[in-house]
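Data from data.pdb: PDB, C-alpha atoms, pLDDT in the B column
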ATOM      1  CA  MET A   1     -18.976  -1.245   2.281  1.00 44.00           C
ATOM      2  CA  PRO A   2     -17.932  -0.137  -1.203  1.00 48.00           C
ATOM      3  CA  THR A   3     -14.531   1.504  -1.454  1.00 50.00           C
ATOM      4  CA  GLU A   4     -16.108   4.847  -2.389  1.00 59.00           C
ATOM      5  CA  ASP A   5     -17.594   5.009   1.144  1.00 72.00           C
ATOM      6  CA  LEU A   6     -14.173   4.715   2.799  1.00 75.00           C
ATOM      7  CA  PRO A   7     -12.527   7.641   4.555  1.00 83.00           C
ATOM      8  CA  GLU A   8      -9.765   9.158   2.442  1.00 81.00           C
ATOM      9  CA  THR A   9      -6.897   8.512   4.858  1.00 86.00           C
ATOM     10  CA  PHE A  10      -5.933   6.542   7.924  1.00 89.00           C
ATOM     11  CA  HIS A  11      -2.936   7.942   9.803  1.00 89.00           C
ATOM     12  CA  VAL A  12      -0.699   5.349  11.435  1.00 89.00           C
ATOM     13  CA  THR A  13       0.057   6.804  14.862  1.00 87.00           C
ATOM     14  CA  THR A  14       0.650   3.921  17.288  1.00 88.00           C
ATOM     15  CA  ASP A  15       3.447   1.383  17.606  1.00 86.00           C
ATOM     16  CA  GLU A  16       0.895  -1.430  17.142  1.00 89.00           C
ATOM     17  CA  GLN A  17      -0.265   0.089  13.849  1.00 90.00           C
ATOM     18  CA  LEU A  18       3.310   0.648  12.673  1.00 86.00           C
ATOM     19  CA  ARG A  19       4.247  -2.961  13.470  1.00 87.00           C
ATOM     20  CA  ALA A  20       1.156  -4.150  11.593  1.00 90.00           C
ATOM     21  CA  VAL A  21       2.000  -2.272   8.384  1.00 87.00           C
ATOM     22  CA  SER A  22       5.732  -2.983   8.632  1.00 86.00           C
ATOM     23  CA  ASN A  23       5.238  -6.654   7.785  1.00 89.00           C
ATOM     24  CA  LEU A  24       5.490  -7.491   4.067  1.00 88.00           C
ATOM     25  CA  THR A  25       2.786 -10.181   4.232  1.00 92.00           C
ATOM     26  CA  ARG A  26       0.344  -7.746   5.840  1.00 93.00           C
ATOM     27  CA  HIS A  27       1.301  -5.113   3.272  1.00 88.00           C
ATOM     28  CA  ARG A  28       0.329  -7.604   0.543  1.00 90.00           C
ATOM     29  CA  ILE A  29      -2.933  -8.433   2.310  1.00 94.00           C
ATOM     30  CA  MET A  30      -3.801  -4.732   2.420  1.00 92.00           C
ATOM     31  CA  ALA A  31      -3.067  -4.545  -1.316  1.00 87.00           C
ATOM     32  CA  VAL A  32      -5.624  -7.327  -1.898  1.00 90.00           C
ATOM     33  CA  LEU A  33      -8.199  -5.367   0.100  1.00 91.00           C
ATOM     34  CA  ARG A  34      -7.397  -2.028  -1.533  1.00 84.00           C
ATOM     35  CA  PHE A  35     -10.277  -2.119  -4.057  1.00 80.00           C
ATOM     36  CA  GLU A  36     -12.728  -4.742  -2.860  1.00 87.00           C
ATOM     37  CA  PRO A  37     -13.617  -6.712   0.253  1.00 93.00           C
ATOM     38  CA  ALA A  38     -12.423 -10.310   0.529  1.00 95.00           C
ATOM     39  CA  THR A  39     -12.777 -13.285   2.854  1.00 96.00           C
ATOM     40  CA  ILE A  40      -9.898 -14.994   4.634  1.00 96.00           C
ATOM     41  CA  THR A  41     -10.032 -17.767   2.008  1.00 94.00           C
ATOM     42  CA  GLN A  42      -9.895 -15.275  -0.876  1.00 95.00           C
ATOM     43  CA  ILE A  43      -7.047 -13.366   0.759  1.00 96.00           C
ATOM     44  CA  ALA A  44      -5.112 -16.594   1.365  1.00 96.00           C
ATOM     45  CA  GLU A  45      -5.490 -17.613  -2.297  1.00 95.00           C
ATOM     46  CA  ARG A  46      -4.452 -14.205  -3.667  1.00 92.00           C
ATOM     47  CA  VAL A  47      -1.437 -13.802  -1.393  1.00 91.00           C
ATOM     48  CA  GLY A  48      -0.378 -17.452  -1.495  1.00 92.00           C
ATOM     49  CA  LEU A  49      -0.792 -18.181   2.216  1.00 94.00           C
ATOM     50  CA  ALA A  50      -2.381 -20.936   4.269  1.00 95.00           C
ATOM     51  CA  LYS A  51      -5.803 -19.908   5.601  1.00 94.00           C
ATOM     52  CA  GLY A  52      -4.509 -20.014   9.178  1.00 94.00           C
ATOM     53  CA  SER A  53      -1.649 -17.635   8.380  1.00 95.00           C
ATOM     54  CA  SER A  54      -3.976 -15.351   6.460  1.00 96.00           C
ATOM     55  CA  SER A  55      -6.386 -15.283   9.394  1.00 96.00           C
ATOM     56  CA  TYR A  56      -3.578 -14.473  11.842  1.00 96.00           C
ATOM     57  CA  HIS A  57      -2.316 -11.526   9.767  1.00 96.00           C
ATOM     58  CA  VAL A  58      -5.818 -10.173   9.118  1.00 97.00           C
ATOM     59  CA  ARG A  59      -6.593 -10.300  12.866  1.00 96.00           C
ATOM     60  CA  LEU A  60      -3.475  -8.212  13.572  1.00 95.00           C
ATOM     61  CA  LEU A  61      -4.483  -5.689  10.908  1.00 96.00           C
ATOM     62  CA  GLU A  62      -8.023  -5.580  12.291  1.00 96.00           C
ATOM     63  CA  ARG A  63      -6.796  -5.109  15.878  1.00 95.00           C
ATOM     64  CA  ALA A  64      -4.643  -2.195  14.661  1.00 94.00           C
ATOM     65  CA  GLY A  65      -7.688  -0.627  12.968  1.00 94.00           C
ATOM     66  CA  LEU A  66      -6.262  -0.905   9.439  1.00 94.00           C
ATOM     67  CA  VAL A  67      -8.890  -3.329   8.110  1.00 95.00           C
ATOM     68  CA  LYS A  68     -12.418  -4.066   9.230  1.00 94.00           C
ATOM     69  CA  VAL A  69     -15.288  -6.449   8.634  1.00 94.00           C
ATOM     70  CA  VAL A  70     -17.665  -4.818   6.176  1.00 92.00           C
ATOM     71  CA  ARG A  71     -20.146  -7.636   5.661  1.00 93.00           C
ATOM     72  CA  THR A  72     -20.934 -11.155   6.809  1.00 93.00           C
ATOM     73  CA  ARG A  73     -22.945 -14.031   5.401  1.00 91.00           C
ATOM     74  CA  LYS A  74     -23.827 -17.551   6.505  1.00 89.00           C
ATOM     75  CA  VAL A  75     -22.373 -20.354   4.400  1.00 86.00           C
ATOM     76  CA  ARG A  76     -23.305 -23.893   5.519  1.00 87.00           C
ATOM     77  CA  GLY A  77     -23.705 -22.753   9.120  1.00 87.00           C
ATOM     78  CA  VAL A  78     -20.408 -20.825   9.197  1.00 86.00           C
ATOM     79  CA  THR A  79     -20.251 -17.028   9.288  1.00 89.00           C
ATOM     80  CA  GLU A  80     -18.076 -15.773   6.453  1.00 92.00           C
ATOM     81  CA  ARG A  81     -16.543 -12.335   7.048  1.00 95.00           C
ATOM     82  CA  TYR A  82     -15.571  -9.916   4.302  1.00 96.00           C
ATOM     83  CA  TYR A  83     -12.717  -7.580   5.181  1.00 96.00           C
ATOM     84  CA  ALA A  84     -11.868  -4.226   3.613  1.00 94.00           C
ATOM     85  CA  MET A  85      -9.369  -1.453   4.207  1.00 93.00           C
ATOM     86  CA  ALA A  86     -10.308   1.083   6.874  1.00 92.00           C
ATOM     87  CA  ALA A  87      -9.459   3.945   4.462  1.00 90.00           C
ATOM     88  CA  ARG A  88      -8.426   4.544   0.853  1.00 82.00           C
ATOM     89  CA  ALA A  89      -4.877   5.497   1.842  1.00 82.00           C
ATOM     90  CA  ILE A  90      -2.684   4.622   4.785  1.00 84.00           C
ATOM     91  CA  VAL A  91      -0.397   7.474   5.846  1.00 83.00           C
ATOM     92  CA  LEU A  92       2.779   6.361   7.591  1.00 80.00           C
ATOM     93  CA  PRO A  93       4.747   8.557   9.967  1.00 78.00           C
ATOM     94  CA  ASP A  94       7.994  10.038   8.720  1.00 76.00           C
ATOM     95  CA  PRO A  95      10.679   7.444   9.452  1.00 72.00           C
ATOM     96  CA  GLY A  96      12.945  10.122  10.883  1.00 63.00           C
ATOM     97  CA  GLU A  97      16.622  10.477  10.249  1.00 57.00           C
ATOM     98  CA  GLY A  98      18.211   7.089   9.710  1.00 57.00           C
ATOM     99  CA  GLY A  99      14.929   5.222  10.244  1.00 58.00           C
ATOM    100  CA  PRO A 100      13.696   2.578   7.828  1.00 62.00           C
ATOM    101  CA  ASP A 101      11.261   3.704   5.168  1.00 77.00           C
ATOM    102  CA  VAL A 102       8.787   0.835   5.386  1.00 76.00           C
ATOM    103  CA  LEU A 103       6.838   1.897   2.318  1.00 75.00           C
ATOM    104  CA  MET A 104       9.883   1.927   0.054  1.00 80.00           C
ATOM    105  CA  ARG A 105      11.143  -1.389   1.430  1.00 82.00           C
ATOM    106  CA  HIS A 106       7.792  -3.007   0.630  1.00 80.00           C
ATOM    107  CA  ALA A 107       7.734  -1.417  -2.810  1.00 81.00           C
ATOM    108  CA  VAL A 108      11.183  -2.777  -3.629  1.00 84.00           C
ATOM    109  CA  ALA A 109      10.180  -6.233  -2.348  1.00 82.00           C
ATOM    110  CA  ASP A 110       7.043  -6.161  -4.518  1.00 82.00           C
ATOM    111  CA  LEU A 111       9.043  -5.021  -7.543  1.00 84.00           C
ATOM    112  CA  GLU A 112      11.602  -7.790  -7.031  1.00 84.00           C
ATOM    113  CA  ALA A 113       8.782 -10.359  -6.718  1.00 82.00           C
ATOM    114  CA  SER A 114       6.987  -9.172  -9.861  1.00 83.00           C
ATOM    115  CA  PRO A 115       7.410 -11.238 -13.042  1.00 83.00           C
ATOM    116  CA  ALA A 116      10.698 -10.307 -14.717  1.00 80.00           C
ATOM    117  CA  ASP A 117       9.179 -10.816 -18.144  1.00 84.00           C
ATOM    118  CA  GLY A 118       6.213  -8.527 -17.407  1.00 82.00           C
ATOM    119  CA  GLU A 119       5.966  -4.927 -18.527  1.00 85.00           C
ATOM    120  CA  ARG A 120       7.643  -2.520 -16.103  1.00 85.00           C
ATOM    121  CA  HIS A 121       8.422   1.145 -16.097  1.00 85.00           C
ATOM    122  CA  VAL A 122      11.246   1.687 -13.627  1.00 84.00           C
ATOM    123  CA  GLY A 123      13.744   4.503 -13.611  1.00 84.00           C
ATOM    124  CA  MET A 124      15.703   6.830 -11.431  1.00 84.00           C
ATOM    125  CA  MET A 125      16.797  10.351 -12.214  1.00 87.00           C
ATOM    126  CA  HIS A 126      18.919  12.774 -10.312  1.00 88.00           C
ATOM    127  CA  LEU A 127      17.628  16.324 -10.618  1.00 90.00           C
ATOM    128  CA  ARG A 128      18.742  19.742  -9.483  1.00 90.00           C
ATOM    129  CA  LEU A 129      15.715  21.852  -8.667  1.00 93.00           C
ATOM    130  CA  THR A 130      14.838  25.033  -6.871  1.00 95.00           C
ATOM    131  CA  GLU A 131      12.672  24.590  -3.782  1.00 94.00           C
ATOM    132  CA  GLY A 132       9.727  25.874  -5.831  1.00 96.00           C
ATOM    133  CA  GLN A 133      10.336  23.353  -8.619  1.00 96.00           C
ATOM    134  CA  PHE A 134      10.757  20.611  -6.034  1.00 94.00           C
ATOM    135  CA  ALA A 135       7.402  21.474  -4.411  1.00 95.00           C
ATOM    136  CA  GLU A 136       5.668  21.788  -7.794  1.00 96.00           C
ATOM    137  CA  LEU A 137       6.943  18.415  -9.000  1.00 95.00           C
ATOM    138  CA  GLY A 138       5.835  16.766  -5.745  1.00 93.00           C
ATOM    139  CA  ALA A 139       2.346  18.245  -6.088  1.00 95.00           C
ATOM    140  CA  ARG A 140       2.101  17.198  -9.756  1.00 96.00           C
ATOM    141  CA  LEU A 141       3.158  13.614  -8.938  1.00 94.00           C
ATOM    142  CA  GLN A 142       0.574  13.431  -6.141  1.00 90.00           C
ATOM    143  CA  ALA A 143      -2.158  14.806  -8.416  1.00 94.00           C
ATOM    144  CA  LEU A 144      -1.296  12.365 -11.210  1.00 94.00           C
ATOM    145  CA  ALA A 145      -1.346   9.425  -8.788  1.00 90.00           C
ATOM    146  CA  LYS A 146      -4.757  10.502  -7.414  1.00 88.00           C
ATOM    147  CA  GLU A 147      -6.115  10.934 -10.939  1.00 92.00           C
ATOM    148  CA  TYR A 148      -5.182   7.382 -11.871  1.00 90.00           C
ATOM    149  CA  ARG A 149      -6.332   5.962  -8.519  1.00 83.00           C
ATOM    150  CA  ALA A 150      -9.777   7.394  -9.319  1.00 85.00           C
ATOM    151  CA  LEU A 151      -9.703   5.475 -12.627  1.00 88.00           C
ATOM    152  CA  SER A 152      -8.866   2.172 -10.920  1.00 84.00           C
ATOM    153  CA  ASP A 153     -11.227  -0.678 -11.752  1.00 84.00           C
ATOM    154  CA  PRO A 154     -11.229  -3.730  -9.446  1.00 76.00           C
ATOM    155  CA  SER A 155     -11.868  -6.003 -12.430  1.00 83.00           C
ATOM    156  CA  LEU A 156      -8.516  -5.060 -13.989  1.00 84.00           C
ATOM    157  CA  PRO A 157      -5.099  -6.507 -13.050  1.00 83.00           C
ATOM    158  CA  ASP A 158      -3.218  -4.856 -10.204  1.00 80.00           C
ATOM    159  CA  ALA A 159      -0.550  -2.276 -10.944  1.00 84.00           C
ATOM    160  CA  SER A 160       1.628  -0.542  -8.369  1.00 83.00           C
ATOM    161  CA  LEU A 161       2.865   3.014  -8.604  1.00 84.00           C
ATOM    162  CA  VAL A 162       5.670   4.090  -6.323  1.00 83.00           C
ATOM    163  CA  PHE A 163       7.482   7.386  -6.444  1.00 83.00           C
ATOM    164  CA  ALA A 164       9.854   9.163  -4.155  1.00 83.00           C
ATOM    165  CA  LEU A 165      10.979  12.738  -4.527  1.00 86.00           C
ATOM    166  CA  PHE A 166      13.508  13.641  -1.883  1.00 85.00           C
ATOM    167  CA  HIS A 167      16.713  15.472  -1.166  1.00 84.00           C
ATOM    168  CA  PRO A 168      19.418  12.821  -0.730  1.00 81.00           C
ATOM    169  CA  ALA A 169      21.859  12.977   2.129  1.00 75.00           C
ATOM    170  CA  ALA A 170      24.692  15.425   1.546  1.00 71.00           C
ATOM    171  CA  ARG A 171      27.529  13.902  -0.448  1.00 64.00           C
ATOM    172  CA  ALA A 172      30.482  15.075  -2.466  1.00 54.00           C
ATOM    173  CA  GLN A 173      29.549  16.376  -5.903  1.00 51.00           C
ATOM    174  CA  ALA A 174      32.149  14.079  -7.459  1.00 48.00           C
ATOM    175  CA  ASP A 175      29.730  12.663 -10.027  1.00 51.00           C
ATOM    176  CA  GLY A 176      29.454  16.022 -11.787  1.00 52.00           C
ATOM    177  CA  GLY A 177      25.643  15.798 -11.771  1.00 52.00           C
ATOM    178  CA  ALA A 178      25.508  12.696 -13.959  1.00 50.00           C
ATOM    179  CA  GLU A 179      22.122  11.085 -14.463  1.00 50.00           C
TER     180      GLU A 179
END
Output the file's structure as structure tokens, nothing else.
Amino acid sequence: MPTEDLPETFHVTTDEQLRAVSNLTRHRIMAVLRFEPATITQIAERVGLAKGSSSYHVRLLERAGLVKVVRTRKVRGVTERYYAMAARAIVLPDPGEGGPDVLMRHAVADLEASPADGERHVGMMHLRLTEGQFAELGARLQALAKEYRALSDPSLPDASLVFALFHPAARAQADGGAE
């Protein structure tokens, strides 16, 4: 199944699904499957796992409905399965007040694991916006991300885009609005 045939979104709604996506190794496996199907062996090589570990994590993702077998073929009497994401995007539930933001934790872990000498564009800005500006910026960031996702080519190296636009918890304005 080519990625263009995938449903747009898969909403994580069960505890089993949330546990499956909360694991960093499974997050990395899903990243491998984001643009093209892969076998357990291919996944293991790309993520740096033993085949047995890769198989275990893929089975959990498959049981949770996050990945699925999209094609099989016989190789020397063994059935080789190709796995792909169940949808183009996985939508996680809101972590709720004080809950862990799994997506951001994985993003930070991936950033920390990326080559330090590689090109990166990382920054943080503190803004003061009206609710309208806040909503407009959020919509523009989403649109820009979708535009570039449509340009993604599986033959090119992976790149990760993470953004978070949020109102931080209330705190004293002691910093004078410094950036």
Give me, please, the distance in Å between atom CA of A:Ser114 and atom CA of A:Leu127, quoted to one decimal. 27.6 Å
Of the candidates A:Thr130, A:Leu165, A:Glu62, A:Glu147, which one gets nearest to A:Met104 if we count all atoms listed in the file? A:Leu165
Residues near A:Ser55, cut-off 12 Å, only C-alpha atoms, skip fewer than 6 positions along chain, as a list in words: Thr25, Arg26, Ile29, Ala38, Thr39, Ile40, Thr41, Gln42, Ile43, Ala44, Glu45, Val47, Leu49, Leu61, Glu62, Arg81, Tyr82 and Tyr83 of chain A
Considering all atoms listed in the file, can you say which of A:Glu80, A:Glu8, A:Glu36, A:Glu119 comes closest to A:Ser155? A:Glu36
So, counting all atoms listed in the file, which residue among A:Ala113, A:Leu6, A:Ala139, A:Ala164 is closest to A:His126?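 The answer is A:Ala164, which sits nearest to A:His126.
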Using Å and a single decimal, report how far atom CA of A:Lys51 sits from atom CA of A:Gly65.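 Interatomic distance here is 20.7 Å.
Across the model, the gap from atom CA of A:Ser160 to atom CA of A:Arg120 is 10.0 Å.
Using all atoms listed in the file, the shortest contact distance between A:Leu18 and any of A:Arg59, A:Ala109, A:Val91, A:Arg73 is found at A:Val91.
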In terms of the shortest atom-to-atom distance over only C-alpha atoms, which of A:Ser152, A:Gln142, A:Ser22, A:Gln133 is closest to A:Leu103?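 Nearest candidate to A:Leu103 out of A:Ser152, A:Gln142, A:Ser22, A:Gln133: A:Ser22.
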Written as a list in words, which residues does the PyMOL selection byres ((chain A and resi 10) around 10) give for the file shown? Leu6, Pro7, Glu8, Thr9, His11, Val12, Thr13, Gly65, Leu66, Met85, Ala86, Ala87, Arg88, Ala89, Ile90, Val91 and Leu92 of chain A
What lies within 12 Å of A:Gly138 using all atoms listed in the file, ignoring chain neighbours under 2 positions off, as an NGL selection string? :A and (129 or 131-136 or 140-145 or 163-167)
Tell me which protein, DNA and RNA residues are within 10 Å of A:Val122, counting only C-alpha atoms, leaving out same-chain ones fewer than 4 positions away, and put them as a PDB file with C-alpha atoms, in the coordinates of the input.
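The resulting file, result.pdb, is reproduced below:
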ATOM      1  CA  LEU A 111       9.043  -5.021  -7.543  1.00 84.00           C
ATOM      2  CA  LEU A 161       2.865   3.014  -8.604  1.00 84.00           C
ATOM      3  CA  VAL A 162       5.670   4.090  -6.323  1.00 83.00           C
ATOM      4  CA  PHE A 163       7.482   7.386  -6.444  1.00 83.00           C
TER       5      PHE A 163
END
Could you please give me, as JSON, numbers by chain, the residues of protein, DNA or RNA lying at most 7 Å from (-13.4, -1.0, 8.2) in the coordinate frame of the file, considering all atoms listed in the file? {"A": [67, 68, 69, 70, 84, 85, 86]}
Between A:Asp117, A:Lys146, A:His27, A:Thr79, which is the closest to A:Arg105 once you count only C-alpha atoms?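 Among the listed residues, A:His27 lies closest to A:Arg105.
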Output stretch 123-138 of chain A as a PDB file, keeping the file's coordinate frame, making sure N, CA, C and O atoms are there.
ATOM      1  N   GLY A 123      12.630   3.613 -13.296  1.00 84.00           N
ATOM      2  CA  GLY A 123      13.744   4.503 -13.611  1.00 84.00           C
ATOM      3  C   GLY A 123      14.104   5.339 -12.400  1.00 84.00           C
ATOM      4  O   GLY A 123      13.366   5.413 -11.425  1.00 84.00           O
ATOM      5  N   MET A 124      15.249   5.926 -12.485  1.00 84.00           N
ATOM      6  CA  MET A 124      15.703   6.830 -11.431  1.00 84.00           C
ATOM      7  C   MET A 124      16.445   7.979 -12.099  1.00 84.00           C
ATOM      8  O   MET A 124      17.251   7.755 -13.000  1.00 84.00           O
ATOM      9  N   MET A 125      16.130   9.163 -11.684  1.00 87.00           N
ATOM     10  CA  MET A 125      16.797  10.351 -12.214  1.00 87.00           C
ATOM     11  C   MET A 125      17.287  11.198 -11.061  1.00 87.00           C
ATOM     12  O   MET A 125      16.633  11.291 -10.032  1.00 87.00           O
ATOM     13  N   HIS A 126      18.398  11.802 -11.277  1.00 88.00           N
ATOM     14  CA  HIS A 126      18.919  12.774 -10.312  1.00 88.00           C
ATOM     15  C   HIS A 126      18.665  14.151 -10.905  1.00 88.00           C
ATOM     16  O   HIS A 126      19.036  14.419 -12.047  1.00 88.00           O
ATOM     17  N   LEU A 127      18.018  14.999 -10.148  1.00 90.00           N
ATOM     18  CA  LEU A 127      17.628  16.324 -10.618  1.00 90.00           C
ATOM     19  C   LEU A 127      18.253  17.390  -9.729  1.00 90.00           C
ATOM     20  O   LEU A 127      18.585  17.139  -8.575  1.00 90.00           O
ATOM     21  N   ARG A 128      18.357  18.567 -10.276  1.00 90.00           N
ATOM     22  CA  ARG A 128      18.742  19.742  -9.483  1.00 90.00           C
ATOM     23  C   ARG A 128      17.647  20.769  -9.678  1.00 90.00           C
ATOM     24  O   ARG A 128      17.464  21.294 -10.772  1.00 90.00           O
ATOM     25  N   LEU A 129      16.910  21.020  -8.594  1.00 93.00           N
ATOM     26  CA  LEU A 129      15.715  21.852  -8.667  1.00 93.00           C
ATOM     27  C   LEU A 129      15.734  22.934  -7.604  1.00 93.00           C
ATOM     28  O   LEU A 129      16.291  22.735  -6.521  1.00 93.00           O
ATOM     29  N   THR A 130      15.068  24.032  -7.905  1.00 95.00           N
ATOM     30  CA  THR A 130      14.838  25.033  -6.871  1.00 95.00           C
ATOM     31  C   THR A 130      13.812  24.457  -5.897  1.00 95.00           C
ATOM     32  O   THR A 130      13.121  23.475  -6.213  1.00 95.00           O
ATOM     33  N   GLU A 131      13.678  25.063  -4.736  1.00 94.00           N
ATOM     34  CA  GLU A 131      12.672  24.590  -3.782  1.00 94.00           C
ATOM     35  C   GLU A 131      11.275  24.689  -4.385  1.00 94.00           C
ATOM     36  O   GLU A 131      10.434  23.823  -4.163  1.00 94.00           O
ATOM     37  N   GLY A 132      11.021  25.726  -5.170  1.00 96.00           N
ATOM     38  CA  GLY A 132       9.727  25.874  -5.831  1.00 96.00           C
ATOM     39  C   GLY A 132       9.471  24.762  -6.839  1.00 96.00           C
ATOM     40  O   GLY A 132       8.371  24.206  -6.904  1.00 96.00           O
ATOM     41  N   GLN A 133      10.476  24.445  -7.645  1.00 96.00           N
ATOM     42  CA  GLN A 133      10.336  23.353  -8.619  1.00 96.00           C
ATOM     43  C   GLN A 133      10.130  22.020  -7.908  1.00 96.00           C
ATOM     44  O   GLN A 133       9.333  21.183  -8.334  1.00 96.00           O
ATOM     45  N   PHE A 134      10.869  21.830  -6.822  1.00 94.00           N
ATOM     46  CA  PHE A 134      10.757  20.611  -6.034  1.00 94.00           C
ATOM     47  C   PHE A 134       9.319  20.452  -5.529  1.00 94.00           C
ATOM     48  O   PHE A 134       8.700  19.390  -5.675  1.00 94.00           O
ATOM     49  N   ALA A 135       8.771  21.505  -4.943  1.00 95.00           N
ATOM     50  CA  ALA A 135       7.402  21.474  -4.411  1.00 95.00           C
ATOM     51  C   ALA A 135       6.392  21.265  -5.536  1.00 95.00           C
ATOM     52  O   ALA A 135       5.442  20.484  -5.390  1.00 95.00           O
ATOM     53  N   GLU A 136       6.590  21.926  -6.663  1.00 96.00           N
ATOM     54  CA  GLU A 136       5.668  21.788  -7.794  1.00 96.00           C
ATOM     55  C   GLU A 136       5.675  20.362  -8.339  1.00 96.00           C
ATOM     56  O   GLU A 136       4.624  19.780  -8.606  1.00 96.00           O
ATOM     57  N   LEU A 137       6.848  19.782  -8.500  1.00 95.00           N
ATOM     58  CA  LEU A 137       6.943  18.415  -9.000  1.00 95.00           C
ATOM     59  C   LEU A 137       6.269  17.443  -8.033  1.00 95.00           C
ATOM     60  O   LEU A 137       5.531  16.547  -8.450  1.00 95.00           O
ATOM     61  N   GLY A 138       6.491  17.614  -6.739  1.00 93.00           N
ATOM     62  CA  GLY A 138       5.835  16.766  -5.745  1.00 93.00           C
ATOM     63  C   GLY A 138       4.321  16.849  -5.841  1.00 93.00           C
ATOM     64  O   GLY A 138       3.627  15.827  -5.814  1.00 93.00           O
TER      65      GLY A 138
END
